[in-house]
file input_1.txt (compact mmCIF, C-alpha atoms)
# COMPACT_ATOMS: atom_id res chain seq x y z
CA MET A 1 0.00 0.00 0.00
CA ILE A 2 2.80 2.38 0.94
CA ASP A 3 4.41 1.44 -2.38
CA SER A 4 1.60 2.78 -4.48
CA PHE A 5 1.31 5.79 -2.19
CA VAL A 6 4.92 6.81 -2.69
CA LEU A 7 4.81 6.22 -6.42
CA GLY A 8 1.58 8.20 -6.51
CA VAL A 9 3.15 11.09 -4.63
CA ASN A 10 6.12 11.14 -6.96
CA GLU A 11 3.82 10.92 -9.96
CA PHE A 12 1.81 13.84 -8.58
CA SER A 13 4.95 15.91 -8.07
CA LYS A 14 5.50 15.93 -11.84
CA TYR A 15 2.42 18.08 -12.24
CA ILE A 16 3.26 20.72 -9.64
CA ILE A 17 5.60 22.91 -11.70
CA PRO A 18 3.52 23.08 -14.89
CA PHE A 19 0.44 23.67 -12.76
CA LEU A 20 2.09 26.58 -10.94
CA LEU A 21 3.43 28.07 -14.17
CA VAL A 22 -0.11 28.19 -15.51
CA GLY A 23 -2.10 28.54 -12.30
CA ILE A 24 -0.45 31.72 -11.01
CA PRO A 25 -0.89 33.74 -14.25
CA PHE A 26 -4.41 32.29 -14.50
CA TYR A 27 -5.28 33.65 -11.06
CA GLY A 28 -3.74 37.03 -11.89
CA LEU A 29 -5.33 37.37 -15.31
CA VAL A 30 -8.79 35.99 -14.64
CA PHE A 31 -9.46 37.03 -11.05
CA LYS A 32 -7.34 40.15 -10.62
CA LYS A 33 -7.17 41.45 -14.18
CA ILE A 34 -3.39 41.83 -13.99
CA LYS A 35 -1.28 42.43 -17.10
CA VAL A 36 0.46 39.11 -16.58
CA TYR A 37 2.90 39.31 -19.45
CA GLU A 38 4.18 42.71 -18.39
CA SER A 39 4.44 41.66 -14.74
CA PHE A 40 6.35 38.55 -15.73
CA VAL A 41 8.92 40.46 -17.74
CA GLU A 42 9.29 43.03 -14.99
CA GLY A 43 10.03 40.33 -12.42
CA ALA A 44 12.23 38.26 -14.72
CA LYS A 45 14.62 41.19 -15.21
CA ASP A 46 16.16 40.52 -11.81
CA GLY A 47 17.21 37.02 -12.80
CA PHE A 48 20.37 38.19 -14.47
CA THR A 49 21.58 40.61 -11.80
CA ILE A 50 21.02 38.10 -9.00
CA ALA A 51 22.81 35.30 -10.85
CA VAL A 52 25.78 37.53 -11.59
CA ARG A 53 25.92 38.85 -8.03
CA ILE A 54 26.47 35.38 -6.56
CA ILE A 55 29.49 34.60 -8.76
CA PRO A 56 32.25 35.80 -6.39
CA TYR A 57 30.69 33.94 -3.46
CA LEU A 58 30.35 30.74 -5.45
CA VAL A 59 33.91 30.98 -6.76
CA ALA A 60 35.24 31.42 -3.21
CA ILE A 61 33.34 28.47 -1.76
CA LEU A 62 33.67 26.04 -4.66
CA VAL A 63 37.41 26.63 -5.15
CA ALA A 64 38.08 25.93 -1.46
CA ILE A 65 35.93 22.80 -1.56
CA GLY A 66 37.59 21.67 -4.79
CA MET A 67 41.10 22.05 -3.37
CA PHE A 68 40.14 20.20 -0.21
CA ARG A 69 38.59 17.32 -2.12
CA ALA A 70 41.36 16.98 -4.71
CA SER A 71 44.10 16.82 -2.08
CA GLY A 72 42.86 13.53 -0.67
CA ALA A 73 42.31 15.12 2.74
CA LEU A 74 38.87 13.55 2.86
CA ASP A 75 40.44 10.07 2.76
CA LEU A 76 42.71 10.93 5.66
CA LEU A 77 39.75 12.18 7.62
CA LEU A 78 37.92 8.95 6.78
CA ASN A 79 40.73 6.75 8.06
CA PHE A 80 40.82 8.77 11.22
CA LEU A 81 37.08 8.91 11.83
CA SER A 82 36.01 5.40 10.78
CA PRO A 83 37.17 3.52 13.88
CA VAL A 84 35.76 6.19 16.18
CA LEU A 85 32.41 6.17 14.44
CA SER A 86 32.03 2.41 14.22
CA MET A 87 32.05 2.44 18.02
CA ILE A 88 28.77 4.33 17.96
CA GLY A 89 27.30 2.04 15.31
CA PHE A 90 27.97 4.31 12.36
CA PRO A 91 28.74 2.15 9.30
CA PRO A 92 32.10 3.27 7.81
CA GLU A 93 30.71 2.72 4.29
CA ASN A 94 28.33 5.64 4.79
CA LEU A 95 30.94 8.03 6.12
CA PRO A 96 32.25 9.39 2.78
CA LEU A 97 28.73 10.36 1.80
CA ALA A 98 28.09 12.01 5.15
CA LEU A 99 31.26 14.10 4.84
CA MET A 100 30.71 14.94 1.19
CA ARG A 101 27.06 15.89 1.45
CA PRO A 102 27.43 19.45 2.81
CA LEU A 103 30.30 20.14 0.37
CA SER A 104 29.09 18.98 -3.01
CA GLY A 105 25.78 17.94 -4.55
CA SER A 106 27.25 16.17 -7.57
CA GLY A 107 30.02 14.62 -5.46
CA SER A 108 27.59 13.19 -2.94
CA LEU A 109 25.24 11.95 -5.65
CA GLY A 110 28.19 10.13 -7.20
CA LEU A 111 29.01 8.50 -3.85
CA LEU A 112 25.37 7.50 -3.34
CA THR A 113 25.19 5.95 -6.83
CA ASP A 114 28.34 4.04 -6.03
CA LEU A 115 26.98 2.79 -2.68
CA ILE A 116 23.79 1.55 -4.34
CA ASN A 117 25.67 -0.13 -7.18
CA VAL A 118 28.18 -1.84 -4.92
CA HIS A 119 25.91 -2.93 -2.09
CA GLY A 120 22.58 -3.21 -3.93
CA PRO A 121 19.52 -1.04 -3.32
CA ASP A 122 18.17 -3.59 -0.86
CA SER A 123 21.15 -3.30 1.51
CA LEU A 124 21.01 -1.41 4.78
CA ILE A 125 23.98 0.68 3.64
CA ALA A 126 22.19 1.82 0.49
CA LYS A 127 19.04 2.65 2.44
CA ILE A 128 21.00 4.66 4.99
CA GLY A 129 22.79 6.45 2.16
CA ALA A 130 19.58 7.31 0.33
CA THR A 131 17.95 8.53 3.53
CA MET A 132 21.02 10.62 4.32
CA PHE A 133 21.00 12.13 0.86
CA GLY A 134 17.33 13.04 1.13
CA SER A 135 17.50 14.53 4.59
CA THR A 136 20.51 16.84 4.28
CA GLU A 137 21.57 19.62 1.95
CA THR A 138 24.67 21.03 0.28
CA THR A 139 25.02 23.54 3.09
CA PHE A 140 28.07 25.44 1.79
CA TYR A 141 26.55 25.95 -1.64
CA VAL A 142 23.23 27.16 -0.22
CA LEU A 143 25.05 29.49 2.15
CA ALA A 144 27.18 30.99 -0.65
CA VAL A 145 24.28 31.44 -3.04
CA TYR A 146 21.74 32.80 -0.56
CA PHE A 147 23.99 35.22 1.27
CA GLY A 148 25.87 36.04 -1.91
CA SER A 149 22.70 37.13 -3.68
CA VAL A 150 22.23 39.98 -1.21
CA GLY A 151 25.87 40.72 -0.54
CA VAL A 152 25.90 39.59 3.08
CA ARG A 153 29.47 38.68 4.01
CA LYS A 154 29.17 38.21 7.75
CA THR A 155 27.09 35.10 8.10
CA ARG A 156 27.12 34.85 11.92
CA HIS A 157 25.64 31.60 13.23
CA ALA A 158 24.04 30.39 9.98
CA LEU A 159 26.86 28.00 9.04
CA ALA A 160 27.15 26.51 12.53
CA ALA A 161 23.40 25.92 12.70
CA GLY A 162 23.32 24.47 9.16
CA LEU A 163 26.17 22.07 9.84
CA PHE A 164 24.62 21.03 13.14
CA ALA A 165 21.36 20.27 11.31
CA ASP A 166 23.33 18.19 8.79
CA LEU A 167 24.98 16.26 11.59
CA VAL A 168 21.62 15.52 13.21
CA GLY A 169 20.20 14.54 9.80
CA VAL A 170 23.09 12.16 9.13
CA LEU A 171 22.94 10.50 12.55
CA SER A 172 19.15 10.27 12.36
CA ALA A 173 19.41 8.58 8.97
CA VAL A 174 21.77 5.95 10.40
CA TYR A 175 19.80 5.14 13.52
CA ILE A 176 16.34 5.35 11.98
CA CYS A 177 17.33 3.00 9.16
CA GLN A 178 18.97 0.60 11.59
CA PHE A 179 15.75 0.65 13.61
CA PHE A 180 13.47 0.10 10.61
CA PHE A 181 15.57 -2.25 8.51
CA GLY A 182 18.39 -3.50 10.76
CA MET B 1 33.46 30.89 11.37
CA LEU B 2 33.21 30.87 7.59
CA ASN B 3 36.57 32.67 7.42
CA TYR B 4 38.30 29.83 9.27
CA ILE B 5 36.53 27.04 7.42
CA TRP B 6 37.15 28.62 4.05
CA PHE B 7 40.82 29.20 4.70
CA GLY B 8 41.12 25.84 6.48
CA MET B 9 39.85 23.89 3.49
CA MET B 10 42.35 25.51 1.15
CA PHE B 11 45.22 25.29 3.64
CA ILE B 12 44.58 21.61 4.37
CA GLY B 13 44.15 21.04 0.64
CA VAL B 14 47.60 22.43 -0.14
CA ILE B 15 49.36 20.74 2.78
CA VAL B 16 47.82 17.32 2.24
CA GLY B 17 48.15 17.69 -1.52
CA SER B 18 51.90 18.36 -1.16
CA LEU B 19 52.40 15.41 1.17
CA THR B 20 50.44 12.94 -0.92
CA GLY B 21 51.73 14.10 -4.29
CA ASN B 22 48.30 15.33 -5.32
CA ILE B 23 49.37 18.93 -5.65
CA ASP B 24 48.72 18.97 -9.41
CA ALA B 25 45.19 17.81 -8.77
CA VAL B 26 44.74 20.55 -6.17
CA THR B 27 45.83 23.20 -8.64
CA ALA B 28 43.61 21.77 -11.35
CA ALA B 29 40.66 21.63 -8.95
CA ALA B 30 41.07 25.26 -7.95
CA ILE B 31 41.04 26.41 -11.57
CA ASP B 32 38.26 24.03 -12.61
CA MET B 33 36.01 24.98 -9.73
CA ALA B 34 36.38 28.67 -10.47
CA LYS B 35 34.97 27.90 -13.92
CA VAL B 36 32.30 25.61 -12.51
CA ALA B 37 31.14 28.37 -10.17
CA VAL B 38 30.63 30.78 -13.04
CA ASN B 39 28.86 28.15 -15.14
CA LEU B 40 26.55 27.36 -12.24
CA ALA B 41 25.70 31.02 -11.75
CA ILE B 42 25.15 31.61 -15.47
CA GLY B 43 23.03 28.47 -15.62
CA LEU B 44 20.83 29.95 -12.93
CA ILE B 45 19.93 33.02 -15.00
CA GLY B 46 17.18 31.43 -17.04
CA ILE B 47 15.51 29.58 -14.23
CA MET B 48 15.82 32.59 -11.95
CA ALA B 49 14.18 34.81 -14.56
CA LEU B 50 11.39 32.29 -15.04
CA TRP B 51 10.47 31.99 -11.36
CA LEU B 52 11.02 35.64 -10.52
CA GLY B 53 8.66 36.50 -13.38
CA VAL B 54 5.98 34.15 -12.10
CA MET B 55 6.58 35.43 -8.57
CA LYS B 56 5.99 38.98 -9.72
CA ILE B 57 2.57 37.95 -11.01
CA ALA B 58 1.82 36.17 -7.73
CA GLU B 59 2.89 39.28 -5.85
CA GLU B 60 0.85 41.75 -7.90
CA SER B 61 -2.22 39.58 -7.82
CA GLY B 62 -2.05 39.41 -4.01
CA LEU B 63 -1.54 35.66 -4.00
CA ILE B 64 1.56 35.90 -1.83
CA ARG B 65 -0.24 37.94 0.80
CA VAL B 66 -2.99 35.32 1.00
CA ILE B 67 -0.49 32.50 1.47
CA ALA B 68 1.51 34.44 4.04
CA LYS B 69 -1.60 35.16 6.06
CA GLY B 70 -2.55 31.49 6.20
CA LEU B 71 0.74 30.44 7.74
CA ARG B 72 1.08 33.38 10.09
CA PRO B 73 0.91 31.39 13.36
CA MET B 74 4.03 29.47 12.34
CA THR B 75 5.99 32.26 10.72
CA ILE B 76 5.67 34.75 13.57
CA ARG B 77 7.32 32.21 15.87
CA LEU B 78 10.14 31.36 13.49
CA PHE B 79 10.71 34.93 12.30
CA PRO B 80 9.70 37.22 15.16
CA ASP B 81 11.71 40.14 13.74
CA VAL B 82 9.86 40.19 10.42
CA PRO B 83 6.51 42.01 10.35
CA PRO B 84 3.89 39.34 9.58
CA ASP B 85 2.55 41.27 6.59
CA HIS B 86 5.95 41.85 5.02
CA PRO B 87 6.37 40.35 1.53
CA ALA B 88 9.42 38.44 2.79
CA ILE B 89 7.11 36.12 4.72
CA GLY B 90 5.24 35.24 1.53
CA SER B 91 8.46 34.40 -0.29
CA ILE B 92 9.76 32.39 2.66
CA VAL B 93 6.56 30.35 2.74
CA LEU B 94 6.71 29.73 -1.01
CA ASN B 95 10.36 28.70 -0.80
CA MET B 96 9.59 26.28 2.05
CA SER B 97 6.66 24.86 0.08
CA ALA B 98 8.88 24.33 -2.95
CA ASN B 99 11.41 22.58 -0.72
CA ILE B 100 8.79 20.38 0.88
CA LEU B 101 7.50 19.36 -2.54
CA GLY B 102 11.04 18.61 -3.72
CA LEU B 103 11.03 21.36 -6.37
CA GLY B 104 14.70 22.24 -6.05
CA ASN B 105 14.69 24.33 -9.22
CA ALA B 106 11.89 26.55 -8.00
CA ALA B 107 13.11 26.69 -4.40
CA THR B 108 16.33 28.57 -5.14
CA PRO B 109 14.80 31.55 -7.01
CA LEU B 110 12.05 31.81 -4.41
CA GLY B 111 14.62 31.64 -1.64
CA LEU B 112 16.75 34.37 -3.20
CA LYS B 113 13.67 36.55 -3.54
CA ALA B 114 13.03 36.01 0.17
CA MET B 115 16.64 36.94 0.96
CA GLU B 116 16.27 40.15 -1.01
CA GLU B 117 13.17 41.08 0.95
CA LEU B 118 14.80 40.16 4.25
CA GLN B 119 17.71 42.37 3.27
CA GLU B 120 15.33 45.33 3.04
CA LEU B 121 14.68 44.92 6.75
CA ASN B 122 18.37 44.61 7.55
CA PRO B 123 19.92 47.70 9.10
CA ASN B 124 23.44 46.41 8.55
CA LYS B 125 23.63 45.23 4.96
CA GLU B 126 26.79 43.17 5.29
CA THR B 127 25.73 41.19 8.33
CA ALA B 128 23.12 38.45 8.47
CA THR B 129 20.01 39.08 10.56
CA ASN B 130 18.46 36.52 12.89
CA ALA B 131 15.68 35.95 10.36
CA MET B 132 18.20 35.32 7.57
CA ALA B 133 20.10 32.80 9.66
CA MET B 134 16.86 31.01 10.52
CA PHE B 135 15.83 30.96 6.89
CA LEU B 136 19.23 29.63 5.82
CA ALA B 137 19.27 26.92 8.45
CA LEU B 138 15.77 25.78 7.48
CA ASN B 139 16.90 25.58 3.87
CA THR B 140 20.07 23.65 4.58
CA SER B 141 18.25 21.21 6.82
CA SER B 142 16.21 20.24 3.75
CA VAL B 143 12.58 20.08 4.77
CA GLN B 144 11.33 17.57 2.27
CA LEU B 145 8.25 15.44 1.84
CA ILE B 146 8.89 14.13 -1.64
CA LEU B 147 12.07 12.17 -2.26
CA PRO B 148 14.58 13.73 -4.65
CA ALA B 149 13.96 12.42 -8.17
CA THR B 150 17.58 11.23 -8.29
CA VAL B 151 17.05 9.02 -5.24
CA VAL B 152 13.85 7.54 -6.69
CA ALA B 153 15.68 6.83 -9.93
CA LEU B 154 18.50 5.04 -8.08
CA MET B 155 16.43 3.11 -5.56
CA GLY B 156 13.60 2.09 -7.88
CA SER B 157 10.73 0.29 -6.19
CA LEU B 158 12.62 0.33 -2.89
CA SER B 159 12.08 4.10 -2.73
CA SER B 160 8.90 3.55 -0.79
CA GLN B 161 10.89 1.98 2.05
CA ILE B 162 13.05 5.01 2.51
CA PHE B 163 10.17 7.43 2.13
CA ILE B 164 9.34 7.26 5.83
CA THR B 165 12.92 7.11 7.08
CA THR B 166 13.71 10.22 5.03
CA ILE B 167 10.76 12.15 6.42
CA VAL B 168 11.71 11.25 9.98
CA ALA B 169 15.41 12.09 9.46
CA THR B 170 14.66 15.35 7.70
CA GLY B 171 12.18 16.26 10.44
CA MET B 172 14.87 15.69 13.05
CA SER B 173 17.39 17.82 11.17
CA THR B 174 14.87 20.64 10.76
CA ILE B 175 14.04 20.64 14.47
CA ALA B 176 17.79 20.63 15.17
CA ALA B 177 18.23 23.61 12.83
CA ILE B 178 15.53 25.64 14.57
CA ILE B 179 16.89 24.87 18.03
CA ALA B 180 20.46 25.61 16.95
CA VAL B 181 19.55 28.97 15.43
CA LYS B 182 17.49 30.05 18.41
CA PHE B 183 20.25 28.98 20.77
CA LEU B 184 23.20 30.39 18.84
CA GLU B 185 21.71 33.77 17.94
CA LYS B 186 21.98 34.80 21.59
CA ARG B 187 25.57 33.58 22.07
CA LYS B 188 28.13 36.33 22.47
CA ARG B 189 30.25 34.89 19.66
CA PHE B 190 27.45 35.30 17.11
CA ALA B 191 25.58 38.20 18.65
CA LEU B 192 24.29 40.97 16.43
CA ILE B 193 26.76 43.73 17.19
CA GLU B 194 28.74 46.19 15.14
CA GLY B 195 32.06 44.78 14.02
CA ASN B 196 31.14 41.14 14.52
CA ASN B 197 33.00 39.19 11.89
CA SER B 198 32.60 35.54 12.71

call {"tool": "encode", "arguments": {"input": "input_1.txt", "output": "structure tokens"}}
result
Amino acid sequence: MIDSFVLGVNEFSKYIIPFLLVGIPFYGLVFKKIKVYESFVEGAKDGFTIAVRIIPYLVAILVAIGMFRASGALDLLLNFLSPVLSMIGFPPENLPLALMRPLSGSGSLGLLTDLINVHGPDSLIAKIGATMFGSTETTFYVLAVYFGSVGVRKTRHALAAGLFADLVGVLSAVYICQFFFG
Amino acid sequence: MLNYIWFGMMFIGVIVGSLTGNIDAVTAAAIDMAKVAVNLAIGLIGIMALWLGVMKIAEESGLIRVIAKGLRPMTIRLFPDVPPDHPAIGSIVLNMSANILGLGNAATPLGLKAMEELQELNPNKETATNAMAMFLALNTSSVQLILPATVVALMGSLSSQIFITTIVATGMSTIAAIIAVKFLEKRKRFALIEGNNS
């Protein structure tokens, strides 16, 4: 039953974007008599300026992440952390994904694909990985883009809170999956 | 904090890269990623324009105000510094909805619109406000009801099994984000004062 529910929900989600793209102008044009085309163009103008404004922030963050990843420092961190984490029941196979997730969307998707291919989608490790992927975000990217778009350079506690949320998401994924499927 | 982490990642990258003989890869990564960053930003232009255009219609037709009003009881608790009728609340709600529905492409433009409106309320344009930090943390904790399409594609029919685990885990991380923001915003280290640069 849950199977068809989830597939139904994902099927439904296909319709949301086209519905919004039509539904919002429909509401404006039919109910509020708004000049929808002119409003659209007026709003769309900002797309370019915002995208260009985030470039320096994205360059800063992505270059640092790229250098860190390419150096192999992540592997050193893995070797160091694995034994510590297996003591608290954290499977070492899921650690690379957990560390990569806040840094890189494409990197973590690659690691998840690898986990599923190597261990099979039915394995606990794959399920933990998929849950982890779905419950956390690429925190550094979001931080750079969102604050960059308005030129905020002093981010205060946002990064600490975001990384803490990622940590809780990752640990929750491990323990919840072990509880459900272990 | 970002200053140390940013520098730390590059510093560790160069040191470890030198020791492991990966220094060429480190250099290549730095140059590649600078290009990737620009491509990502340029790639955002079209989708940003699309959603900002639609948002403008929603704004002028009063749709955003209606949505913001409906969720007022929740938003005044999460964002006490933002006047409940401010357009930022409408954009925040729409961004959260897009996140919940797994519409990553729509969520970013809506989120940036919200940031712009939050910035209007910010007396110190270079420093994040409490509301911005809360908004950011909610976004990075990934409130999500619908699994990412990529995960469904990879897990196939087993997706339904991780549907519930993902909701529970994402719920936990969102609660953690809210608690962390509320707790940290009062700490001296992160307090909203002139000259704070962590």

call {"tool": "atom_distance", "arguments": {"input": "input_1.txt", "atom1": "CA of Ala30 (chain B)", "atom2": "CA of Leu97 (chain A)"}}
result
21.7 Å

call {"tool": "closest_residue", "arguments": {"input": "input_1.txt", "among": "A:Tyr37, A:Phe26, A:Phe180, A:Phe68", "to": "chain B", "atoms": "all atoms listed in the file"}}
result
A:Phe68

call {"tool": "residues_around", "arguments": {"input": "input_1.txt", "residues": "Ile24 (chain A)", "least_positions_apart": "2", "cutoff": "8 Å", "atoms": "all atoms listed in the file", "output": "JSON list (two decimals) with C-alpha atoms, keeping the file's coordinate frame"}}
result
[["chain", "number", "residue", "atom", "x", "y", "z"],
["A", 20, "LEU", "CA", 2.09, 26.58, -10.94],
["A", 21, "LEU", "CA", 3.43, 28.07, -14.17],
["A", 22, "VAL", "CA", -0.11, 28.19, -15.51],
["A", 26, "PHE", "CA", -4.41, 32.29, -14.50],
["A", 27, "TYR", "CA", -5.28, 33.65, -11.06],
["A", 28, "GLY", "CA", -3.74, 37.03, -11.89],
["B", 54, "VAL", "CA", 5.98, 34.15, -12.10],
["B", 57, "ILE", "CA", 2.57, 37.95, -11.01],
["B", 58, "ALA", "CA", 1.82, 36.17, -7.73]]

call {"tool": "interface_residues", "arguments": {"input": "input_1.txt", "of": "chain B", "to": "chain A", "cutoff": "6 Å", "atoms": "all atoms listed in the file", "output": "ChimeraX atom specification"}}
result
/B:9-10,13,16-17,22,25-26,29-30,33-34,37-38,41,45,48-49,52-54,56-58,61,112,116,126-128,133,137,140-142,155,160,166,169-170,173,176-177,180-181,190,197-198

call {"tool": "atom_distance", "arguments": {"input": "input_1.txt", "atom1": "CA of Ala88 (chain B)", "atom2": "CA of Ala131 (chain B)"}}
result
10.1 Å

call {"tool": "atom_distance", "arguments": {"input": "input_1.txt", "atom1": "CA of Leu19 (chain B)", "atom2": "CA of Asp75 (chain A)"}}
result
13.2 Å

call {"tool": "residues_near_point", "arguments": {"input": "input_1.txt", "point": "(34.7, 1.3, 6.2)", "cutoff": "12 Å", "atoms": "only C-alpha atoms", "output": "PyMOL selection string"}}
result
chain A and resi 75+78-86+89-97+115+125

call {"tool": "closest_residue", "arguments": {"input": "input_1.txt", "among": "B:Trp51, B:Phe163, B:Phe135, B:Phe183", "to": "Ile89 (chain B)", "atoms": "all atoms listed in the file"}}
result
B:Phe135

call {"tool": "residues_around", "arguments": {"input": "input_1.txt", "residues": "Met74 (chain B)", "least_positions_apart": "5", "cutoff": "12 Å", "atoms": "all atoms listed in the file", "output": "number ranges by chain"}}
result
B: 68-69, 79-80, 84, 89, 92-93

call {"tool": "closest_residue", "arguments": {"input": "input_1.txt", "among": "B:Asn39, B:Val168, B:Leu44, B:Arg187", "to": "Thr108 (chain B)", "atoms": "only C-alpha atoms"}}
result
B:Leu44

call {"tool": "closest_residue", "arguments": {"input": "input_1.txt", "among": "B:Ile47, B:Met134, B:Met115, B:Ile146", "to": "Gly8 (chain A)", "atoms": "all atoms listed in the file"}}
result
B:Ile146

call {"tool": "closest_residue", "arguments": {"input": "input_1.txt", "among": "B:Ile100, B:Val14, B:Leu158, B:Leu110", "to": "Leu124 (chain A)", "atoms": "all atoms listed in the file"}}
result
B:Leu158

call {"tool": "closest_residue", "arguments": {"input": "input_1.txt", "among": "B:Lys186, B:Arg77, B:Leu138, B:Asn105", "to": "Met172 (chain B)", "atoms": "all atoms listed in the file"}}
result
B:Leu138

call {"tool": "residues_around", "arguments": {"input": "input_1.txt", "residues": "Ser97 (chain B)", "least_positions_apart": "4", "cutoff": "10 Å", "atoms": "all atoms listed in the file", "output": "number ranges by chain"}}
result
B: 91-93, 101-103, 106-107, 110, 143-145
